[in-house]
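Encoded as structure tokens, the structure appears first; notes follow it.
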Amino acid sequence: MFENNIKALLPHGSIHMSMGGQYSFRVIGPCCRLYDREELPWPCCRLAWKSKEPSWRRIGNRFVPDIAARKCPSYSVEIFQPGSRSIQSVLTIFPNKFESVMQEWWYSRHPRSREATNLSPFD
């Protein structure tokens, strides 16, 4: 399988075919795929240790970036399947990998990344 380095975002409203050709999707916009730690049946990340027994409460953020999708673009999409209604979902395109500038913009921890004017990595 080939890898494709991503230099730009897919345009809003553009329609693309899936890799296998089973469906088409319309891009609503880019998004960060988050992992909800509250959905797990056990605590994850760190445990708070009090005396000799660990506390089972979770420490840290509830929603964290999904590390499986960290190097690949994720988009909010509307999926069109033949013979059924369209479905809105989040689609991660794993064969495509970010270039370093794009990955830093997409999953940045810098305070500048939270500014409303930060709409593109190439501003």
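A note on labels: chains of the structure tokens are A, B, ... as shown, every chain counts residues from 1, and ligands are counted from 1 in their shown order.
Shell of segment 60-63 of chain A at 6 Å, with only C-alpha atoms counted and residues fewer than 3 places along the chain excluded, is A:Leu34, A:Tyr35, A:Asp36, A:Arg37.
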Atoms kept (N, CA and C atoms) for selection, written as a PDB file, in the first residue's frame:
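The result, written out as selection10.pdb:
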```pdb
ATOM      1  N   LEU A  34     -11.014  12.601  18.892  1.00  0.00           N
ATOM      2  CA  LEU A  34     -10.745  12.545  20.323  1.00  0.00           C
ATOM      3  C   LEU A  34     -11.132  11.181  20.890  1.00  0.00           C
ATOM      4  N   TYR A  35     -10.423  10.799  21.908  1.00  0.00           N
ATOM      5  CA  TYR A  35     -10.658   9.540  22.599  1.00  0.00           C
ATOM      6  C   TYR A  35     -11.296   9.877  23.941  1.00  0.00           C
ATOM      7  N   ASP A  36     -12.461   9.301  24.235  1.00  0.00           N
ATOM      8  CA  ASP A  36     -13.176   9.562  25.475  1.00  0.00           C
ATOM      9  C   ASP A  36     -12.795   8.501  26.500  1.00  0.00           C
ATOM     10  N   ARG A  37     -12.013   8.892  27.502  1.00  0.00           N
ATOM     11  CA  ARG A  37     -11.548   7.942  28.499  1.00  0.00           C
ATOM     12  C   ARG A  37     -12.657   7.471  29.436  1.00  0.00           C
TER      13      ARG A  37
END
```
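In terms of minimum interatomic distance to Tyr23 of chain A, A:Ser86 ranks closest within A:Asn4, A:Ser108, A:Ser86, A:Ser100, counting only C-alpha atoms.
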Quiz prompt | Among the residues A:Gln88, A:Asn96, A:Ser74, A:Ser14, the one that comes closest to Pro30 of chain A [using only C-alpha atoms] | solution = A:Ser74
Quiz prompt | Shell of 7 Å around segment 69-72 of chain A, only C-alpha atoms, local chain residues under 6 positions omitted, as a PyMOL selection string | solution = chain A and resi 33+92-94+96-98+103
Quiz item: Which residue, A:Pro121, A:Pro73, A:Gly21, A:Gly13, has the smallest gap to Pro95 of chain A when you use only C-alpha atoms?
Solution: A:Pro73
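Within the 9 Å cut-off around Val27 of chain A, using only C-alpha atoms and omitting residues fewer than 3 positions from it on the same chain, the listed residues are A:Leu10, A:Pro11, A:His12, A:Gly13, A:Ser14, A:Ile15, A:His16, A:Pro30, A:Tyr75, A:Ser76, A:Val77, A:Glu78, A:Ile79.
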Quiz item: Taking into account only C-alpha atoms, which residue in the set A:Cys31, A:Ile87, A:Val64, A:Leu9 is nearest to Glu99 of chain A?
Solution: A:Leu9
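Comparing the minimum interatomic distances between Arg26 of chain A and each of A:Gln81, A:Arg114, A:Met102, A:Ser120, counting only C-alpha atoms, we find that A:Gln81 sits nearest.
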Quiz item: Running DSSP on the backbone, which parts of segment 1-122 of chain A land in strand (DSSP E or B), as a ChimeraX atom specification?
Solution: /A:4-6,15-17,24-31,34-36,47-50,53-58,63-65,74-80,87-92,96-98
Please, could you write that set of residues out with C-alpha atoms as a PDB file, in the first residue's frame?
```
ATOM      1  CA  ASN A   4       0.532   9.861   0.521  1.00  0.00           C
ATOM      2  CA  ASN A   5       1.955  12.834   2.425  1.00  0.00           C
ATOM      3  CA  ILE A   6      -0.677  15.490   3.104  1.00  0.00           C
ATOM      4  CA  ILE A  15     -16.931  14.733  -2.761  1.00  0.00           C
ATOM      5  CA  HIS A  16     -14.492  11.809  -2.763  1.00  0.00           C
ATOM      6  CA  MET A  17     -14.683   8.051  -3.302  1.00  0.00           C
ATOM      7  CA  SER A  24     -18.572   8.228  -1.506  1.00  0.00           C
ATOM      8  CA  PHE A  25     -18.271  10.956   1.087  1.00  0.00           C
ATOM      9  CA  ARG A  26     -18.706  14.722   1.183  1.00  0.00           C
ATOM     10  CA  VAL A  27     -16.276  16.637   3.405  1.00  0.00           C
ATOM     11  CA  ILE A  28     -17.973  18.813   6.026  1.00  0.00           C
ATOM     12  CA  GLY A  29     -14.684  19.904   7.580  1.00  0.00           C
ATOM     13  CA  PRO A  30     -11.469  18.789   9.294  1.00  0.00           C
ATOM     14  CA  CYS A  31     -11.626  17.631  12.901  1.00  0.00           C
ATOM     15  CA  LEU A  34     -10.745  12.545  20.323  1.00  0.00           C
ATOM     16  CA  TYR A  35     -10.658   9.540  22.599  1.00  0.00           C
ATOM     17  CA  ASP A  36     -13.176   9.562  25.475  1.00  0.00           C
ATOM     18  CA  LEU A  47      -4.007   6.341  38.919  1.00  0.00           C
ATOM     19  CA  ALA A  48      -4.024   8.500  42.038  1.00  0.00           C
ATOM     20  CA  TRP A  49      -2.205   6.700  44.823  1.00  0.00           C
ATOM     21  CA  LYS A  50      -3.482   7.382  48.336  1.00  0.00           C
ATOM     22  CA  GLU A  53      -4.369   1.564  47.672  1.00  0.00           C
ATOM     23  CA  PRO A  54      -4.802   3.217  44.249  1.00  0.00           C
ATOM     24  CA  SER A  55      -7.776   5.473  43.711  1.00  0.00           C
ATOM     25  CA  TRP A  56      -9.923   4.378  40.766  1.00  0.00           C
ATOM     26  CA  ARG A  57     -10.762   7.917  39.700  1.00  0.00           C
ATOM     27  CA  ARG A  58      -9.252   9.122  36.467  1.00  0.00           C
ATOM     28  CA  PHE A  63     -11.039  13.805  26.038  1.00  0.00           C
ATOM     29  CA  VAL A  64      -7.544  13.290  24.645  1.00  0.00           C
ATOM     30  CA  PRO A  65      -6.338  13.167  21.028  1.00  0.00           C
ATOM     31  CA  SER A  74      -9.676  13.090  10.152  1.00  0.00           C
ATOM     32  CA  TYR A  75     -12.714  14.764   8.656  1.00  0.00           C
ATOM     33  CA  SER A  76     -16.330  15.189   9.597  1.00  0.00           C
ATOM     34  CA  VAL A  77     -18.067  13.709   6.556  1.00  0.00           C
ATOM     35  CA  GLU A  78     -21.426  12.783   5.114  1.00  0.00           C
ATOM     36  CA  ILE A  79     -21.226   9.223   3.754  1.00  0.00           C
ATOM     37  CA  PHE A  80     -23.268   8.302   0.691  1.00  0.00           C
ATOM     38  CA  ILE A  87     -24.847   9.184   7.358  1.00  0.00           C
ATOM     39  CA  GLN A  88     -22.760  11.801   9.148  1.00  0.00           C
ATOM     40  CA  SER A  89     -19.607  10.400  10.702  1.00  0.00           C
ATOM     41  CA  VAL A  90     -15.933  11.053  11.386  1.00  0.00           C
ATOM     42  CA  LEU A  91     -13.598   9.451   8.868  1.00  0.00           C
ATOM     43  CA  THR A  92      -9.848   9.043   9.387  1.00  0.00           C
ATOM     44  CA  ASN A  96      -2.488   9.472   4.150  1.00  0.00           C
ATOM     45  CA  LYS A  97       0.176  10.821   6.507  1.00  0.00           C
ATOM     46  CA  PHE A  98       0.760  14.417   7.576  1.00  0.00           C
TER      47      PHE A  98
END
```
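Compared by their closest atoms to Ala68 of chain A, and using only C-alpha atoms, the residues A:Cys32, A:Gln22, A:Lys7, A:Gly83 rank with A:Cys32 nearest.
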